[in-house]
file query-v8.txt (compact mmCIF, C-alpha atoms)
# COMPACT_ATOMS: atom_id res chain seq x y z
CA MET A 1 51.75 43.79 74.00
CA ASP A 2 53.97 41.90 71.58
CA MET A 3 57.51 43.22 71.46
CA ILE A 4 59.91 43.00 68.54
CA THR A 5 63.65 43.59 68.24
CA VAL A 6 64.97 45.96 65.62
CA ALA A 7 68.55 47.09 64.95
CA VAL A 8 68.52 50.87 64.71
CA ASN A 9 71.77 52.58 63.72
CA GLY A 10 73.64 49.45 64.72
CA GLU A 11 71.99 49.00 68.14
CA ASP A 12 69.26 46.55 69.06
CA ARG A 13 66.06 48.08 70.38
CA SER A 14 62.95 46.52 71.72
CA LEU A 15 59.71 48.09 70.57
CA PRO A 16 56.03 47.23 70.35
CA ALA A 17 54.91 45.28 67.30
CA GLY A 18 52.67 46.95 64.75
CA LEU A 19 54.39 50.33 64.45
CA THR A 20 54.78 52.04 61.10
CA LEU A 21 57.97 53.91 60.29
CA SER A 22 56.07 57.11 60.79
CA GLY A 23 54.98 56.05 64.27
CA PHE A 24 58.46 54.86 65.16
CA LEU A 25 60.11 58.15 64.14
CA GLU A 26 57.55 59.99 66.22
CA GLU A 27 58.34 57.77 69.17
CA LEU A 28 62.05 58.60 68.73
CA GLY A 29 61.24 62.31 68.69
CA LEU A 30 62.53 62.77 65.13
CA ASP A 31 61.12 65.11 62.50
CA PRO A 32 60.61 62.88 59.43
CA ARG A 33 61.37 65.85 57.14
CA LYS A 34 64.90 66.10 58.53
CA VAL A 35 66.04 62.49 58.29
CA ALA A 36 66.34 59.69 55.76
CA VAL A 37 65.75 56.03 56.52
CA GLU A 38 67.24 52.88 55.07
CA ARG A 39 65.39 49.64 55.89
CA ASN A 40 67.25 46.39 55.29
CA LEU A 41 69.65 48.14 52.90
CA GLU A 42 66.84 49.71 50.88
CA ILE A 43 65.77 53.34 50.94
CA ALA A 44 62.43 53.88 52.63
CA PRO A 45 60.72 56.62 50.57
CA ARG A 46 59.56 59.45 52.82
CA SER A 47 56.15 59.46 51.17
CA ALA A 48 55.61 55.86 52.34
CA TYR A 49 56.60 56.18 56.03
CA GLY A 50 52.94 55.86 56.99
CA GLU A 51 52.59 52.53 55.19
CA ILE A 52 55.92 50.86 55.95
CA SER A 53 55.69 48.59 58.95
CA VAL A 54 58.59 48.00 61.30
CA ASP A 55 59.09 44.25 61.60
CA ASP A 56 61.02 41.98 63.92
CA GLY A 57 64.65 41.66 62.84
CA ASP A 58 64.60 44.81 60.65
CA ARG A 59 67.82 46.73 60.29
CA LEU A 60 67.18 50.45 60.13
CA GLU A 61 69.62 53.26 59.46
CA ILE A 62 68.35 56.73 60.29
CA VAL A 63 70.61 59.48 59.00
CA GLN A 64 70.70 63.24 58.67
CA PHE A 65 72.91 65.94 57.18
CA VAL A 66 75.76 67.08 59.41
CA GLY A 67 78.66 69.44 58.86
CA GLY A 68 81.27 68.13 56.45
CA GLY A 69 83.77 69.17 53.80
CA MET B 70 102.95 79.39 36.70
CA THR B 71 100.72 82.36 35.98
CA ASP B 72 103.47 84.33 34.20
CA GLN B 73 101.80 84.48 30.81
CA ALA B 74 98.30 85.37 29.81
CA PRO B 75 96.51 81.99 29.58
CA VAL B 76 96.00 80.95 25.97
CA HIS B 77 92.34 80.07 26.51
CA SER B 78 91.46 82.91 28.85
CA PRO B 79 88.09 84.37 27.83
CA SER B 80 87.58 88.11 27.98
CA ALA B 81 85.38 89.64 30.65
CA LEU B 82 82.66 90.08 28.03
CA GLU B 83 82.67 86.37 27.27
CA ASP B 84 82.53 85.38 30.93
CA ARG B 85 79.51 83.40 32.04
CA PRO B 86 78.41 82.46 35.55
CA LEU B 87 79.32 79.07 36.96
CA VAL B 88 76.83 76.46 35.77
CA VAL B 89 76.85 72.98 37.30
CA ALA B 90 74.39 70.36 36.10
CA GLY B 91 72.14 73.06 34.67
CA ARG B 92 72.11 75.25 37.80
CA GLU B 93 73.60 78.71 37.67
CA PHE B 94 75.64 80.11 40.55
CA ALA B 95 76.60 83.76 40.98
CA SER B 96 79.36 82.80 43.44
CA ARG B 97 82.30 80.65 42.40
CA LEU B 98 83.05 79.75 46.01
CA ILE B 99 81.73 76.57 47.60
CA ILE B 100 82.33 76.05 51.30
CA GLY B 101 82.25 73.09 53.64
CA THR B 102 80.36 72.87 56.90
CA GLY B 103 82.81 70.79 58.97
CA LYS B 104 85.09 71.74 61.87
CA TYR B 105 83.28 74.92 62.89
CA GLU B 106 82.91 75.85 66.56
CA SER B 107 79.13 75.69 66.09
CA TYR B 108 76.50 75.58 63.38
CA ALA B 109 75.70 79.20 64.29
CA GLN B 110 79.27 80.28 63.49
CA ASN B 111 79.11 78.18 60.34
CA ALA B 112 75.97 80.03 59.25
CA ARG B 113 77.63 83.42 59.83
CA ALA B 114 80.70 82.38 57.83
CA LEU B 115 78.47 81.15 55.02
CA GLU B 116 76.68 84.47 54.89
CA ALA B 117 80.00 86.35 54.81
CA SER B 118 81.42 84.10 52.07
CA GLY B 119 78.59 84.78 49.62
CA ALA B 120 78.68 81.07 48.69
CA GLU B 121 75.46 79.52 47.41
CA MET B 122 76.50 75.89 47.65
CA ILE B 123 77.74 74.03 50.73
CA THR B 124 79.05 70.53 51.21
CA VAL B 125 77.43 68.39 53.90
CA ALA B 126 78.03 64.89 55.25
CA VAL B 127 75.49 62.14 55.90
CA ARG B 128 75.68 60.54 59.33
CA ARG B 129 73.58 58.51 61.75
CA VAL B 130 71.16 60.51 63.89
CA ASN B 131 72.15 60.53 67.55
CA LEU B 132 69.19 58.65 69.00
CA SER B 133 70.19 59.18 72.61
CA ASP B 134 69.73 62.93 72.19
CA PRO B 135 67.26 63.71 69.40
CA SER B 136 67.05 67.34 70.55
CA GLN B 137 70.67 68.01 69.50
CA GLU B 138 71.16 70.99 67.21
CA ARG B 139 70.86 70.19 63.54
CA LEU B 140 72.63 71.74 60.60
CA VAL B 141 69.32 72.37 58.85
CA ASP B 142 68.11 74.42 61.83
CA HIS B 143 70.88 76.93 61.09
CA ILE B 144 71.37 76.71 57.34
CA ASP B 145 68.22 76.65 55.25
CA PRO B 146 68.22 73.99 52.49
CA GLU B 147 65.70 76.14 50.61
CA LYS B 148 68.16 79.02 50.48
CA TYR B 149 71.43 77.17 49.81
CA VAL B 150 72.28 74.21 47.60
CA PHE B 151 73.32 71.32 49.84
CA LEU B 152 75.96 69.15 48.22
CA PRO B 153 76.05 65.83 50.10
CA ASN B 154 79.49 64.20 50.15
CA THR B 155 80.67 60.64 50.57
CA ALA B 156 83.42 61.45 53.07
CA GLY B 157 84.42 58.33 54.94
CA CYS B 158 83.52 56.00 52.06
CA PHE B 159 86.23 53.72 50.76
CA THR B 160 84.29 51.76 48.13
CA GLY B 161 81.87 52.52 45.33
CA GLU B 162 79.14 50.55 47.10
CA ASP B 163 79.54 52.63 50.29
CA ALA B 164 79.35 55.83 48.25
CA VAL B 165 76.21 54.76 46.40
CA ARG B 166 74.52 53.68 49.63
CA THR B 167 75.35 56.98 51.34
CA LEU B 168 74.17 59.12 48.46
CA ARG B 169 70.92 57.21 48.00
CA LEU B 170 70.15 58.21 51.59
CA ALA B 171 71.27 61.77 50.90
CA ARG B 172 68.97 61.96 47.90
CA GLU B 173 66.06 60.82 50.05
CA ALA B 174 66.98 63.26 52.84
CA GLY B 175 67.38 66.21 50.52
CA GLY B 176 65.33 65.36 47.51
CA TRP B 177 67.97 66.31 44.93
CA SER B 178 70.53 64.43 42.92
CA LEU B 179 73.55 66.78 42.83
CA VAL B 180 76.28 65.17 44.92
CA LYS B 181 79.99 65.31 45.69
CA LEU B 182 81.73 61.98 45.24
CA GLU B 183 84.90 61.33 47.15
CA VAL B 184 86.32 57.86 47.59
CA LEU B 185 89.43 58.04 49.72
CA SER B 186 92.25 55.62 50.27
CA ASP B 187 94.78 56.02 53.08
CA PRO B 188 93.69 58.10 56.12
CA LYS B 189 97.24 59.44 56.40
CA HIS B 190 97.10 61.46 53.18
CA LEU B 191 93.40 61.19 52.27
CA TYR B 192 94.28 60.93 48.59
CA PRO B 193 91.39 59.76 46.46
CA ASP B 194 91.43 56.16 45.23
CA MET B 195 91.00 57.03 41.59
CA GLU B 196 90.23 53.54 40.29
CA GLU B 197 87.42 53.18 42.84
CA THR B 198 86.31 56.80 42.32
CA LEU B 199 85.83 56.19 38.59
CA ARG B 200 83.90 52.98 39.26
CA ALA B 201 81.70 54.73 41.85
CA ALA B 202 81.09 57.66 39.48
CA LYS B 203 79.80 55.28 36.81
CA MET B 204 77.51 53.55 39.33
CA LEU B 205 76.07 56.87 40.52
CA ILE B 206 75.59 58.30 37.05
CA ALA B 207 73.75 55.11 36.06
CA GLU B 208 71.37 55.81 38.99
CA GLY B 209 70.69 59.34 37.79
CA PHE B 210 72.96 61.31 40.12
CA ASP B 211 74.71 64.49 38.99
CA VAL B 212 78.23 63.82 40.17
CA MET B 213 80.77 66.48 41.12
CA VAL B 214 83.89 64.44 41.65
CA TYR B 215 86.80 64.98 44.00
CA CYS B 216 89.92 63.67 42.30
CA SER B 217 93.68 63.73 42.17
CA ASP B 218 95.34 66.33 39.95
CA ASP B 219 95.88 63.70 37.25
CA PRO B 220 94.73 64.96 33.83
CA VAL B 221 94.31 61.39 32.57
CA TYR B 222 91.82 60.41 35.27
CA ALA B 223 90.17 63.84 35.02
CA ARG B 224 89.42 63.08 31.38
CA LYS B 225 88.09 59.61 32.20
CA LEU B 226 85.77 61.05 34.86
CA GLU B 227 84.43 63.61 32.43
CA ASP B 228 83.96 60.93 29.77
CA ALA B 229 82.01 58.89 32.34
CA GLY B 230 79.59 61.82 32.67
CA CYS B 231 80.69 63.72 35.80
CA CYS B 232 79.24 67.25 35.84
CA ALA B 233 82.26 68.88 37.55
CA ILE B 234 85.87 67.83 37.98
CA MET B 235 87.29 68.75 41.38
CA PRO B 236 91.03 68.14 41.62
CA LEU B 237 92.82 68.65 44.91
CA GLY B 238 95.22 71.57 45.25
CA ALA B 239 96.96 69.82 48.16
CA PRO B 240 95.95 67.11 50.67
CA ILE B 241 92.58 67.66 52.44
CA GLY B 242 92.89 69.94 55.44
CA SER B 243 96.59 70.67 54.82
CA GLY B 244 96.27 74.32 53.80
CA LEU B 245 99.40 73.99 51.65
CA GLY B 246 98.00 75.82 48.63
CA ILE B 247 98.11 74.78 44.98
CA GLN B 248 101.00 72.28 44.82
CA ASN B 249 100.82 71.39 41.15
CA PRO B 250 99.59 74.33 39.09
CA VAL B 251 100.89 72.73 35.90
CA ASN B 252 98.50 69.79 36.26
CA ILE B 253 95.59 71.96 37.34
CA ARG B 254 96.11 74.06 34.20
CA LEU B 255 96.23 70.93 32.02
CA ILE B 256 92.98 69.69 33.54
CA ILE B 257 91.31 73.07 32.94
CA GLU B 258 92.47 73.27 29.33
CA GLN B 259 91.06 69.88 28.39
CA ALA B 260 87.82 70.04 30.39
CA GLY B 261 84.38 70.67 28.93
CA VAL B 262 82.75 70.80 32.38
CA PRO B 263 83.58 73.11 35.32
CA VAL B 264 86.88 72.49 37.10
CA ILE B 265 86.77 73.35 40.79
CA VAL B 266 89.83 73.10 43.02
CA ASP B 267 88.72 71.12 46.06
CA ALA B 268 91.01 70.84 49.08
CA GLY B 269 94.38 72.34 49.86
CA VAL B 270 93.53 76.03 49.98
CA GLY B 271 95.02 77.53 53.16
CA THR B 272 94.59 81.25 52.78
CA ALA B 273 93.01 83.83 50.51
CA SER B 274 95.96 84.10 48.12
CA ASP B 275 95.76 80.33 47.45
CA ALA B 276 92.17 80.75 46.29
CA THR B 277 93.25 83.61 44.03
CA VAL B 278 96.04 81.49 42.52
CA ALA B 279 93.52 78.73 41.76
CA MET B 280 91.18 81.18 40.06
CA GLU B 281 94.02 82.83 38.12
CA LEU B 282 94.86 79.43 36.69
CA GLY B 283 91.39 79.49 35.16
CA CYS B 284 89.47 77.29 37.58
CA ASP B 285 85.70 77.73 37.45
CA GLY B 286 85.45 77.69 41.24
CA VAL B 287 87.08 76.78 44.53
CA LEU B 288 85.78 74.52 47.29
CA MET B 289 87.22 74.86 50.77
CA ASN B 290 86.42 74.00 54.36
CA THR B 291 89.34 74.04 56.79
CA ALA B 292 90.86 77.30 55.52
CA ILE B 293 87.76 79.10 56.79
CA ALA B 294 86.75 76.90 59.74
CA GLU B 295 90.21 76.84 61.30
CA ALA B 296 91.07 80.50 60.75
CA ARG B 297 91.31 82.49 63.98
CA ASP B 298 88.30 84.48 62.77
CA PRO B 299 86.33 82.20 60.43
CA VAL B 300 83.73 84.82 59.52
CA LEU B 301 86.39 87.33 58.48
CA MET B 302 88.30 84.67 56.53
CA ALA B 303 85.07 83.70 54.77
CA GLU B 304 84.73 87.30 53.61
CA ALA B 305 88.39 87.33 52.54
CA MET B 306 87.81 84.18 50.48
CA LYS B 307 84.82 85.76 48.76
CA HIS B 308 87.03 88.63 47.60
CA ALA B 309 89.97 86.33 46.79
CA VAL B 310 87.86 84.23 44.42
CA ILE B 311 86.40 87.31 42.73
CA ALA B 312 89.87 88.89 42.44
CA GLY B 313 91.35 85.71 40.95
CA ARG B 314 88.57 85.37 38.41
CA LYS B 315 88.88 89.01 37.31
CA SER B 316 92.66 88.70 37.12
CA TYR B 317 92.28 85.59 34.94
CA LEU B 318 89.84 87.37 32.65
CA ALA B 319 92.01 90.50 32.52
CA GLY B 320 95.07 88.51 31.41
CA ARG B 321 98.19 89.33 33.39
CA MET B 322 101.19 91.24 32.05
CA ALA B 323 104.20 89.24 30.98
CA LYS B 324 107.04 88.92 33.48
CA LYS B 325 110.31 90.61 32.50
CA ARG B 326 113.86 90.07 33.62
CA TYR B 327 114.61 93.76 34.10
CA ALA B 328 112.89 96.87 35.36
CA ASP B 329 110.68 98.89 33.04
CA PRO B 330 109.91 102.40 34.30
CA SER B 331 106.29 103.40 34.53
CA SER B 332 107.05 107.13 34.07
CA PRO B 333 108.18 108.41 30.64
CA LEU B 334 111.93 108.82 30.10
CA ALA B 335 111.40 111.69 27.63
CA GLY B 336 110.98 115.25 28.87
CA LEU B 337 113.16 114.84 31.95
CA ILE B 338 114.42 118.16 33.33

call {"tool": "encode", "arguments": {"input": "query-v8.txt", "output": "structure tokens"}}
result
Amino acid sequence: MDMITVAVNGEDRSLPAGLTLSGFLEELGLDPRKVAVERNLEIAPRSAYGEISVDDGDRLEIVQFVGGG
Amino acid sequence: MTDQAPVHSPSALEDRPLVVAGREFASRLIIGTGKYESYAQNARALEASGAEMITVAVRRVNLSDPSQERLVDHIDPEKYVFLPNTAGCFTGEDAVRTLRLAREAGGWSLVKLEVLSDPKHLYPDMEETLRAAKMLIAEGFDVMVYCSDDPVYARKLEDAGCCAIMPLGAPIGSGLGIQNPVNIRLIIEQAGVPVIVDAGVGTASDATVAMELGCDGVLMNTAIAEARDPVLMAEAMKHAVIAGRKSYLAGRMAKKRYADPSSPLAGLI
């Protein structure tokens, strides 16, 4: 299986090629309804997670709401 | 400071609920969700406070432990209005980036902008705050803006289209109370949008002072989270804000230099 390298929240990860964002979030054990994703400095719309592919060299930020003032 | 009945104080009959960006709120208290012992305690304090809006931060998911407790597991975004902040942002670009993510995570555009400067005092960088506000408003955000107690910048932020002006009462997390009531009053008198004191409240009487000045609301975090009993303090704050609002609407008596007996002098035996 081809592997690609993606920077996720500032850390490089190796993952199989051909995943969609939806598939990747599932692999990470994250509920897509509770996070937001930025891909290469652009917002990835939640409605398109199933169509957005995760490519080699992508920089992803996966964030959520936490306590704050 | 609150010696005289405020010139512009409406009567109780003229009072209207707090409205921010077209949404109506029965409670004039907004609370933060930081520094609590747990999200469970936070949720109990929120319930006790009667607040309908809470501030939240946007941070990276901890990928090494995705099963960690989440804020949204304890506080329902369907039941409360989440107000994402830009805490930790020092430039307009950082703030815009953070809030774009927040809008995607939450699906709404009401946000709290704060662009800070020096970590020692956490005062807002007003030049950068104004620039960031304009960028966000151009992208369709409804911006509630944390700002210094400077009436000049408050006016500029309102002119730029901010939907609420939120001057600090004292430095963030200091609990020192309203340090400059004269400026807060000036900001209230000139504003056409809600003015909400954000930061500096330490105890219930501070919240009452802010409301007696004529503020439309109070936003606080540490005063509740770092109280010995946060849930009880949350309840105290609920009453303090209501008391301050009613006192403002009632119009206080004038202060006098000498005593004035409450019982009649005539008819003494």

call {"tool": "atom_distance", "arguments": {"input": "query-v8.txt", "atom1": "atom CA of B:Val141", "atom2": "atom CA of B:Asn111"}}
result
11.5 Å

call {"tool": "closest_residue", "arguments": {"input": "query-v8.txt", "among": "B:Ala233, B:Ala276, B:Leu132, B:Leu82", "to": "chain A", "atoms": "only C-alpha atoms"}}
result
B:Leu132

call {"tool": "closest_residue", "arguments": {"input": "query-v8.txt", "among": "B:Ala156, B:Leu98, B:Val266, B:Ala202", "to": "B:Leu115", "atoms": "all atoms listed in the file"}}
result
B:Leu98

call {"tool": "closest_residue", "arguments": {"input": "query-v8.txt", "among": "B:Gly175, B:Gly246, B:Pro193, B:Gly283", "to": "chain A", "atoms": "all atoms listed in the file"}}
result
B:Gly175

call {"tool": "closest_atom_pairs", "arguments": {"input": "query-v8.txt", "of": "chain A", "to": "chain B", "cutoff": "8 Å", "atoms": "only C-alpha atoms", "output": "JSON lines"}}
result
{"residue": "A:Asn9", "atom": "CA", "partner": "B:Arg129", "partner_atom": "CA", "distance": 6.5}
{"residue": "A:Leu28", "atom": "CA", "partner": "B:Leu132", "partner_atom": "CA", "distance": 7.1}
{"residue": "A:Gly29", "atom": "CA", "partner": "B:Pro135", "partner_atom": "CA", "distance": 6.2}
{"residue": "A:Leu30", "atom": "CA", "partner": "B:Pro135", "partner_atom": "CA", "distance": 6.4}
{"residue": "A:Arg33", "atom": "CA", "partner": "B:Ala174", "partner_atom": "CA", "distance": 7.5}
{"residue": "A:Lys34", "atom": "CA", "partner": "B:Ala174", "partner_atom": "CA", "distance": 6.7}
{"residue": "A:Val35", "atom": "CA", "partner": "B:Ala174", "partner_atom": "CA", "distance": 5.6}
{"residue": "A:Ala36", "atom": "CA", "partner": "B:Ala174", "partner_atom": "CA", "distance": 4.7}
{"residue": "A:Val37", "atom": "CA", "partner": "B:Leu170", "partner_atom": "CA", "distance": 7.0}
{"residue": "A:Glu38", "atom": "CA", "partner": "B:Leu170", "partner_atom": "CA", "distance": 7.0}
{"residue": "A:Ile43", "atom": "CA", "partner": "B:Leu170", "partner_atom": "CA", "distance": 6.6}
{"residue": "A:Pro45", "atom": "CA", "partner": "B:Glu173", "partner_atom": "CA", "distance": 6.8}
{"residue": "A:Arg46", "atom": "CA", "partner": "B:Glu173", "partner_atom": "CA", "distance": 7.2}
{"residue": "A:Glu61", "atom": "CA", "partner": "B:Arg129", "partner_atom": "CA", "distance": 7.0}
{"residue": "A:Ile62", "atom": "CA", "partner": "B:Arg129", "partner_atom": "CA", "distance": 5.7}
{"residue": "A:Val63", "atom": "CA", "partner": "B:Arg129", "partner_atom": "CA", "distance": 4.2}
{"residue": "A:Gln64", "atom": "CA", "partner": "B:Val127", "partner_atom": "CA", "distance": 5.6}
{"residue": "A:Phe65", "atom": "CA", "partner": "B:Val127", "partner_atom": "CA", "distance": 4.8}
{"residue": "A:Val66", "atom": "CA", "partner": "B:Ala126", "partner_atom": "CA", "distance": 5.2}
{"residue": "A:Gly67", "atom": "CA", "partner": "B:Thr102", "partner_atom": "CA", "distance": 4.3}
{"residue": "A:Gly68", "atom": "CA", "partner": "B:Gly103", "partner_atom": "CA", "distance": 4.0}
{"residue": "A:Gly69", "atom": "CA", "partner": "B:Gly101", "partner_atom": "CA", "distance": 4.2}

call {"tool": "atom_distance", "arguments": {"input": "query-v8.txt", "atom1": "atom CA of B:Ala305", "atom2": "atom CA of B:Val88"}}
result
23.1 Å

call {"tool": "closest_residue", "arguments": {"input": "query-v8.txt", "among": "B:Ile144, B:Thr277, B:Val251, B:Met195", "to": "B:Lys315", "atoms": "only C-alpha atoms"}}
result
B:Thr277

call {"tool": "atom_distance", "arguments": {"input": "query-v8.txt", "atom1": "atom CA of B:Asp145", "atom2": "atom CA of B:Ala90"}}
result
21.1 Å

call {"tool": "residues_around", "arguments": {"input": "query-v8.txt", "residues": "A:Ile52", "least_positions_apart": "2", "cutoff": "10 Å", "atoms": "all atoms listed in the file", "output": "short mmCIF file (atom, residue, chain, number, x, y, z; two decimals) with C-alpha atoms, in the coordinates of the input"}}
result
data_model
loop_
_atom_site.label_atom_id
_atom_site.label_comp_id
_atom_site.auth_asym_id
_atom_site.auth_seq_id
_atom_site.Cartn_x
_atom_site.Cartn_y
_atom_site.Cartn_z
CA LEU A 19 54.39 50.33 64.45
CA THR A 20 54.78 52.04 61.10
CA LEU A 21 57.97 53.91 60.29
CA SER A 22 56.07 57.11 60.79
CA GLY A 23 54.98 56.05 64.27
CA ARG A 39 65.39 49.64 55.89
CA ALA A 44 62.43 53.88 52.63
CA PRO A 45 60.72 56.62 50.57
CA ARG A 46 59.56 59.45 52.82
CA SER A 47 56.15 59.46 51.17
CA ALA A 48 55.61 55.86 52.34
CA TYR A 49 56.60 56.18 56.03
CA GLY A 50 52.94 55.86 56.99
CA VAL A 54 58.59 48.00 61.30
CA ASP A 55 59.09 44.25 61.60
#

call {"tool": "residues_around", "arguments": {"input": "query-v8.txt", "residues": "A:Gly10", "least_positions_apart": "2", "cutoff": "9 Å", "atoms": "only C-alpha atoms", "output": "PyMOL selection string"}}
result
chain A and resi 7-8+12+59-61

call {"tool": "residues_near_point", "arguments": {"input": "query-v8.txt", "point": "(78.9, 53.1, 43.6)", "cutoff": "12 Å", "atoms": "all atoms listed in the file", "output": "PyMOL selection string"}}
result
chain B and resi 155+158-169+182-184+196-210+212

call {"tool": "residues_near_point", "arguments": {"input": "query-v8.txt", "point": "(80.9, 78.6, 37.8)", "cutoff": "9 Å", "atoms": "all atoms listed in the file", "output": "number ranges by chain"}}
result
B: 85-89, 93-98, 263-265, 284-286

call {"tool": "write_last_selection", "arguments": {"input": "query-v8.txt", "atoms": "C-alpha atoms", "output": "PDB file, in the coordinates of the input"}}
result
ATOM      1  CA  ARG B  85      79.510  83.400  32.040  1.00  0.00           C
ATOM      2  CA  PRO B  86      78.410  82.460  35.550  1.00  0.00           C
ATOM      3  CA  LEU B  87      79.320  79.070  36.960  1.00  0.00           C
ATOM      4  CA  VAL B  88      76.830  76.460  35.770  1.00  0.00           C
ATOM      5  CA  VAL B  89      76.850  72.980  37.300  1.00  0.00           C
ATOM      6  CA  GLU B  93      73.600  78.710  37.670  1.00  0.00           C
ATOM      7  CA  PHE B  94      75.640  80.110  40.550  1.00  0.00           C
ATOM      8  CA  ALA B  95      76.600  83.760  40.980  1.00  0.00           C
ATOM      9  CA  SER B  96      79.360  82.800  43.440  1.00  0.00           C
ATOM     10  CA  ARG B  97      82.300  80.650  42.400  1.00  0.00           C
ATOM     11  CA  LEU B  98      83.050  79.750  46.010  1.00  0.00           C
ATOM     12  CA  PRO B 263      83.580  73.110  35.320  1.00  0.00           C
ATOM     13  CA  VAL B 264      86.880  72.490  37.100  1.00  0.00           C
ATOM     14  CA  ILE B 265      86.770  73.350  40.790  1.00  0.00           C
ATOM     15  CA  CYS B 284      89.470  77.290  37.580  1.00  0.00           C
ATOM     16  CA  ASP B 285      85.700  77.730  37.450  1.00  0.00           C
ATOM     17  CA  GLY B 286      85.450  77.690  41.240  1.00  0.00           C
TER      18      GLY B 286
END

call {"tool": "residues_around", "arguments": {"input": "query-v8.txt", "residues": "B:Ala114", "least_positions_apart": "4", "cutoff": "9 Å", "atoms": "only C-alpha atoms", "output": "JSON, numbers by chain"}}
result
{"B": [109, 110, 118, 119, 293, 294, 299, 300, 301, 302, 303, 304]}

call {"tool": "closest_residue", "arguments": {"input": "query-v8.txt", "among": "A:Glu51, A:Asp2, A:Asp31, A:Glu26", "to": "A:Ser14", "atoms": "only C-alpha atoms"}}
result
A:Asp2

call {"tool": "residues_around", "arguments": {"input": "query-v8.txt", "residues": "A:Leu15", "least_positions_apart": "6", "cutoff": "9 Å", "atoms": "only C-alpha atoms", "output": "PyMOL selection string"}}
result
chain A and resi 2-6+24

call {"tool": "closest_residue", "arguments": {"input": "query-v8.txt", "among": "B:Ala120, B:Leu337, B:Ala279, B:Val180", "to": "B:Gly313", "atoms": "all atoms listed in the file"}}
result
B:Ala279
